[in-house]
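Trainee: work36.cif is reproduced in full below (mmCIF, C-alpha atoms).
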data_data
loop_
_atom_site.label_atom_id
_atom_site.label_comp_id
_atom_site.auth_asym_id
_atom_site.auth_seq_id
_atom_site.Cartn_x
_atom_site.Cartn_y
_atom_site.Cartn_z
CA MET A 6 0.00 0.00 0.00
CA ASN A 7 1.39 3.41 -0.94
CA ARG A 8 -0.93 5.53 1.21
CA ILE A 9 -4.45 6.10 2.46
CA ASN A 10 -6.16 9.33 1.36
CA VAL A 11 -8.69 10.73 3.83
CA ASP A 12 -11.45 13.18 2.90
CA PRO A 13 -12.13 15.10 6.14
CA LEU A 14 -15.24 16.74 4.66
CA PHE A 15 -16.88 13.48 3.56
CA GLN A 16 -20.55 13.24 4.56
CA LYS A 17 -21.68 9.70 5.44
CA MET A 18 -25.28 10.36 4.57
CA GLY A 19 -26.66 12.49 1.77
CA HIS A 20 -24.69 14.71 -0.61
CA HIS A 21 -21.37 13.61 -2.04
CA GLU A 22 -20.92 16.37 -4.62
CA GLY A 23 -17.77 17.78 -3.02
CA THR A 24 -16.19 14.37 -2.40
CA GLN A 25 -12.49 14.40 -3.20
CA TYR A 26 -12.04 10.66 -3.66
CA ARG A 27 -13.82 7.92 -5.58
CA CYS A 28 -13.14 4.21 -5.99
CA GLU A 29 -11.72 3.48 -9.44
CA ALA A 30 -13.42 0.08 -9.52
CA CYS A 31 -16.99 0.97 -8.53
CA ASN A 32 -16.98 4.81 -8.64
CA ARG A 33 -18.42 5.13 -5.10
CA PRO A 34 -17.58 8.32 -3.17
CA LEU A 35 -15.03 7.61 -0.43
CA LYS A 36 -13.94 8.95 2.92
CA TYR A 37 -10.93 6.60 2.84
CA GLN A 38 -9.20 5.81 -0.45
CA PHE A 39 -6.53 3.08 -0.42
CA VAL A 40 -3.79 3.78 -2.96
CA LEU A 41 -2.02 0.59 -4.03
CA ARG A 42 0.77 -0.06 -6.50
CA SER A 43 0.84 -3.44 -8.21
CA LEU A 44 4.15 -5.25 -7.78
CA ASN A 45 3.61 -6.96 -11.13
CA ASP A 46 3.00 -4.08 -13.52
CA GLN A 47 3.49 -1.00 -11.24
CA ARG A 48 -0.09 0.12 -12.01
CA VAL A 49 -1.63 2.34 -9.30
CA TYR A 50 -5.09 1.40 -7.96
CA LYS A 51 -7.25 3.81 -5.97
CA LEU A 52 -9.89 1.79 -4.17
CA GLY A 53 -12.48 1.95 -1.43
CA VAL A 54 -12.51 -0.55 1.43
CA SER A 55 -14.77 -3.15 -0.23
CA CYS A 56 -12.89 -3.16 -3.54
CA PHE A 57 -9.58 -3.11 -1.67
CA LEU A 58 -10.66 -6.26 0.20
CA SER A 59 -11.63 -7.96 -3.01
CA TYR A 60 -8.47 -6.95 -4.90
CA ALA A 61 -6.03 -7.80 -2.13
CA GLY A 62 -7.80 -10.86 -0.73
CA ILE A 63 -7.57 -9.44 2.79
CA SER A 64 -10.05 -10.30 5.51
CA GLN A 65 -12.52 -7.74 6.82
CA MET A 66 -10.93 -8.12 10.27
CA THR A 67 -7.52 -7.03 8.94
CA VAL A 68 -9.04 -4.03 7.16
CA ASN A 69 -10.93 -3.09 10.33
CA GLY A 70 -7.59 -3.13 12.18
CA ILE A 71 -6.01 -0.87 9.56
CA GLN A 72 -9.06 1.43 9.66
CA SER A 73 -8.84 1.61 13.44
CA HIS A 74 -5.22 2.77 13.27
CA VAL A 75 -6.06 5.34 10.57
CA ASN A 76 -8.90 6.68 12.74
CA ALA A 77 -6.63 6.87 15.80
CA ALA A 78 -3.94 8.73 13.82
CA SER A 79 -6.55 11.16 12.47
CA LYS A 80 -7.89 11.87 15.96
CA TYR A 81 -4.34 12.32 17.28
CA ARG A 82 -3.54 14.80 14.49
CA ASP A 83 -6.86 16.63 14.88
CA GLN A 84 -6.37 17.11 18.64
CA ILE A 85 -2.92 18.63 18.10
CA ILE A 86 -4.20 20.96 15.36
CA ALA A 87 -7.18 22.01 17.51
CA ARG A 88 -4.84 22.83 20.42
CA TYR A 89 -2.56 24.78 18.05
CA LYS A 90 -5.51 26.77 16.65
CA THR A 91 -6.51 27.81 20.19
CA GLY A 92 -3.04 29.29 20.73
CA LYS A 93 -1.39 26.44 22.60
CA ARG A 94 2.29 25.82 21.86
CA PHE A 95 5.13 23.70 23.22
CA LEU A 96 4.90 24.81 26.84
CA GLY A 97 7.61 26.03 29.16
CA ASP A 98 6.95 23.18 31.59
CA GLU A 99 7.40 20.69 28.74
CA ILE A 100 10.74 22.33 27.91
CA ASN A 101 11.75 22.09 31.59
CA ILE A 102 10.75 18.41 31.76
CA LEU A 103 12.66 17.66 28.57
CA SER A 104 15.75 19.48 29.90
CA PHE A 105 15.48 17.57 33.18
CA ILE A 106 15.29 14.23 31.36
CA VAL A 107 18.26 15.10 29.13
CA SER A 108 20.37 16.13 32.13
CA ARG A 109 19.66 12.86 33.96
CA LEU A 110 20.05 10.47 31.05
CA ARG A 111 23.38 11.46 29.57
CA ASN A 112 25.19 8.33 28.32
CA GLN A 113 22.47 6.01 29.62
CA GLU A 114 20.60 3.39 27.65
CA VAL A 115 16.97 4.31 26.96
CA ASP A 116 14.32 1.80 25.88
CA ASP A 117 12.59 2.23 22.52
CA GLU A 118 9.35 3.62 23.96
CA HIS A 119 11.14 6.39 25.87
CA ARG A 120 13.51 7.08 22.97
CA LEU A 121 10.52 7.62 20.68
CA LEU A 122 8.84 9.88 23.24
CA TYR A 123 12.04 11.90 23.64
CA LYS A 124 12.45 12.32 19.85
CA LYS A 125 8.78 13.28 19.51
CA ALA A 126 9.14 15.91 22.26
CA GLN A 127 12.23 17.33 20.58
CA LEU A 128 10.40 17.63 17.25
CA PHE A 129 7.39 19.33 18.83
CA LYS A 130 9.74 21.74 20.60
CA GLN A 131 11.50 22.57 17.31
CA ILE A 132 8.27 23.44 15.52
CA ASP A 133 6.66 24.97 18.64
CA PHE A 134 3.57 22.78 18.42
CA PRO A 135 1.65 21.59 21.48
CA MET A 136 2.17 17.97 22.37
CA HIS A 137 -0.78 15.59 22.43
CA PRO A 138 -2.18 15.31 25.99
CA ASP A 139 -1.28 11.59 26.11
CA ASP A 140 2.34 12.37 25.15
CA ASN A 141 2.46 15.17 27.68
CA ARG A 142 1.28 12.77 30.41
CA ALA A 143 3.84 10.17 29.30
CA LEU A 144 6.62 12.78 29.46
CA ARG A 145 5.57 13.75 33.00
CA ALA A 146 5.36 10.09 34.04
CA TRP A 147 8.87 9.48 32.69
CA LYS A 148 10.16 12.40 34.76
CA ARG A 149 8.48 10.93 37.87
CA GLU A 150 10.15 7.55 37.17
CA ILE A 151 13.55 9.24 37.04
CA VAL A 152 12.92 11.19 40.26
CA ILE A 153 11.81 8.00 42.05
CA GLU A 154 14.90 6.12 40.86
CA GLU A 155 17.15 8.87 42.22
#
Would you write out, as structure tokens, the structure that this file holds?

Mentor:
Amino acid sequence: MNRINVDPLFQKMGHHEGTQYRCEACNRPLKYQFVLRSLNDQRVYKLGVSCFLSYAGISQMTVNGIQSHVNAASKYRDQIIARYKTGKRFLGDEINILSFIVSRLRNQEVDDEHRLLYKKAQLFKQIDFPMHPDDNRALRAWKREIVIEE
């Protein structure tokens, strides 16, 4: 799969005049369009969920799992954008927590989960975007773990 296109303005019921995406196989309007590239002939297919299932021979359960992750990523992104639009940015306390963690962990091994959180916090700091509330809580919890260990 190359990507999944998402139409944020898609209306489940009623009008579909402004729909950005359609299934190439059945021409149905789509909220989620799966873009696939054939390994055989490099042809690109733009399909809806049902046609994607049929083409790829994938079970509905697998597609539901993929859809669940797409929905979670969309909600995650939307929450960050909503916080940004209300004027929230990478906060001073987040900068202080990040500095505290860096000062305590010099030359220490960090597990993958904490390494990812640290990199994510650094990126959000660089672009001055607010962190997702779950990431903010995880950053604070990590600081508490370090304080307890000391």

Trainee: The PyMOL selection byres ((chain A and resi 131-143) around 9) on the file shown: which residues, as an mmCIF file with C-alpha atoms, in the frame of the given file?

Mentor:
data_model
loop_
_atom_site.group_PDB
_atom_site.id
_atom_site.type_symbol
_atom_site.label_atom_id
_atom_site.label_comp_id
_atom_site.auth_asym_id
_atom_site.auth_seq_id
_atom_site.Cartn_x
_atom_site.Cartn_y
_atom_site.Cartn_z
ATOM 1 C CA TYR A 81 -4.340 12.320 17.280
ATOM 2 C CA ARG A 82 -3.540 14.800 14.490
ATOM 3 C CA GLN A 84 -6.370 17.110 18.640
ATOM 4 C CA ILE A 85 -2.920 18.630 18.100
ATOM 5 C CA ILE A 86 -4.200 20.960 15.360
ATOM 6 C CA ARG A 88 -4.840 22.830 20.420
ATOM 7 C CA TYR A 89 -2.560 24.780 18.050
ATOM 8 C CA LYS A 93 -1.390 26.440 22.600
ATOM 9 C CA ARG A 94 2.290 25.820 21.860
ATOM 10 C CA PHE A 95 5.130 23.700 23.220
ATOM 11 C CA LEU A 96 4.900 24.810 26.840
ATOM 12 C CA GLU A 99 7.400 20.690 28.740
ATOM 13 C CA HIS A 119 11.140 6.390 25.870
ATOM 14 C CA LEU A 122 8.840 9.880 23.240
ATOM 15 C CA LYS A 125 8.780 13.280 19.510
ATOM 16 C CA ALA A 126 9.140 15.910 22.260
ATOM 17 C CA GLN A 127 12.230 17.330 20.580
ATOM 18 C CA LEU A 128 10.400 17.630 17.250
ATOM 19 C CA PHE A 129 7.390 19.330 18.830
ATOM 20 C CA LYS A 130 9.740 21.740 20.600
ATOM 21 C CA LEU A 144 6.620 12.780 29.460
ATOM 22 C CA ARG A 145 5.570 13.750 33.000
ATOM 23 C CA ALA A 146 5.360 10.090 34.040
ATOM 24 C CA TRP A 147 8.870 9.480 32.690
ATOM 25 C CA LYS A 148 10.160 12.400 34.760
#

Trainee: Would you please work out which residue, of A:Asn101, A:Ser59, A:Ser43, A:Ile71, is nearest to Ile9 (chain A) when using all atoms listed in the file?

Mentor: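 For Ile9 (chain A), the nearest of the given residues is A:Ile71.
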
Trainee: Which residues, written as a ChimeraX atom specification, have at least one atom at most 8 Å from Cys56 (chain A), with all atoms listed in the file counted and residues fewer than 3 positions away on the same chain left out?

Mentor: /A:28,30-31,52-53,59-60

Trainee: Compile the contact shell of Gln38 (chain A) as an MDAnalysis selection string: residues with an atom at most 12 Å away, counting only C-alpha atoms, same-chain residues fewer than 4 positions apart removed.

Mentor: chainID A and resid 6:13 15 24:30 32:34 50:57 72 75

Trainee: Those same residues, written as a PDB file, keeping the file's coordinate frame with C-alpha atoms?

Mentor:
ATOM      1  CA  MET A   6       0.000   0.000   0.000  1.00  0.00           C
ATOM      2  CA  ASN A   7       1.390   3.410  -0.940  1.00  0.00           C
ATOM      3  CA  ARG A   8      -0.930   5.530   1.210  1.00  0.00           C
ATOM      4  CA  ILE A   9      -4.450   6.100   2.460  1.00  0.00           C
ATOM      5  CA  ASN A  10      -6.160   9.330   1.360  1.00  0.00           C
ATOM      6  CA  VAL A  11      -8.690  10.730   3.830  1.00  0.00           C
ATOM      7  CA  ASP A  12     -11.450  13.180   2.900  1.00  0.00           C
ATOM      8  CA  PRO A  13     -12.130  15.100   6.140  1.00  0.00           C
ATOM      9  CA  PHE A  15     -16.880  13.480   3.560  1.00  0.00           C
ATOM     10  CA  THR A  24     -16.190  14.370  -2.400  1.00  0.00           C
ATOM     11  CA  GLN A  25     -12.490  14.400  -3.200  1.00  0.00           C
ATOM     12  CA  TYR A  26     -12.040  10.660  -3.660  1.00  0.00           C
ATOM     13  CA  ARG A  27     -13.820   7.920  -5.580  1.00  0.00           C
ATOM     14  CA  CYS A  28     -13.140   4.210  -5.990  1.00  0.00           C
ATOM     15  CA  GLU A  29     -11.720   3.480  -9.440  1.00  0.00           C
ATOM     16  CA  ALA A  30     -13.420   0.080  -9.520  1.00  0.00           C
ATOM     17  CA  ASN A  32     -16.980   4.810  -8.640  1.00  0.00           C
ATOM     18  CA  ARG A  33     -18.420   5.130  -5.100  1.00  0.00           C
ATOM     19  CA  PRO A  34     -17.580   8.320  -3.170  1.00  0.00           C
ATOM     20  CA  TYR A  50      -5.090   1.400  -7.960  1.00  0.00           C
ATOM     21  CA  LYS A  51      -7.250   3.810  -5.970  1.00  0.00           C
ATOM     22  CA  LEU A  52      -9.890   1.790  -4.170  1.00  0.00           C
ATOM     23  CA  GLY A  53     -12.480   1.950  -1.430  1.00  0.00           C
ATOM     24  CA  VAL A  54     -12.510  -0.550   1.430  1.00  0.00           C
ATOM     25  CA  SER A  55     -14.770  -3.150  -0.230  1.00  0.00           C
ATOM     26  CA  CYS A  56     -12.890  -3.160  -3.540  1.00  0.00           C
ATOM     27  CA  PHE A  57      -9.580  -3.110  -1.670  1.00  0.00           C
ATOM     28  CA  GLN A  72      -9.060   1.430   9.660  1.00  0.00           C
ATOM     29  CA  VAL A  75      -6.060   5.340  10.570  1.00  0.00           C
TER      30      VAL A  75
END

Trainee: Hey, can you check how far CA of Lys124 (chain A) sits from CA of Val107 (chain A)?

Mentor: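 These two atoms are separated by 11.3 Å.
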
Trainee: In terms of the shortest atom-to-atom distance over all atoms listed in the file, which of A:Arg48, A:Arg109, A:Arg42, A:Lys80 is closest to Glu150 (chain A)?

Mentor: A:Arg109

Trainee: Do you have the CA of Leu121 (chain A)-CA of Ser108 (chain A) distance handy?

Mentor: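 Interatomic distance, CA of Leu121 (chain A) to CA of Ser108 (chain A): 17.3 Å.
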
Trainee: So what do you get for CA of Ile153 (chain A) versus CA of Tyr123 (chain A), distance-wise?

Mentor: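 Atom-to-atom, CA of Ile153 (chain A) and CA of Tyr123 (chain A) are spaced 18.8 Å apart.
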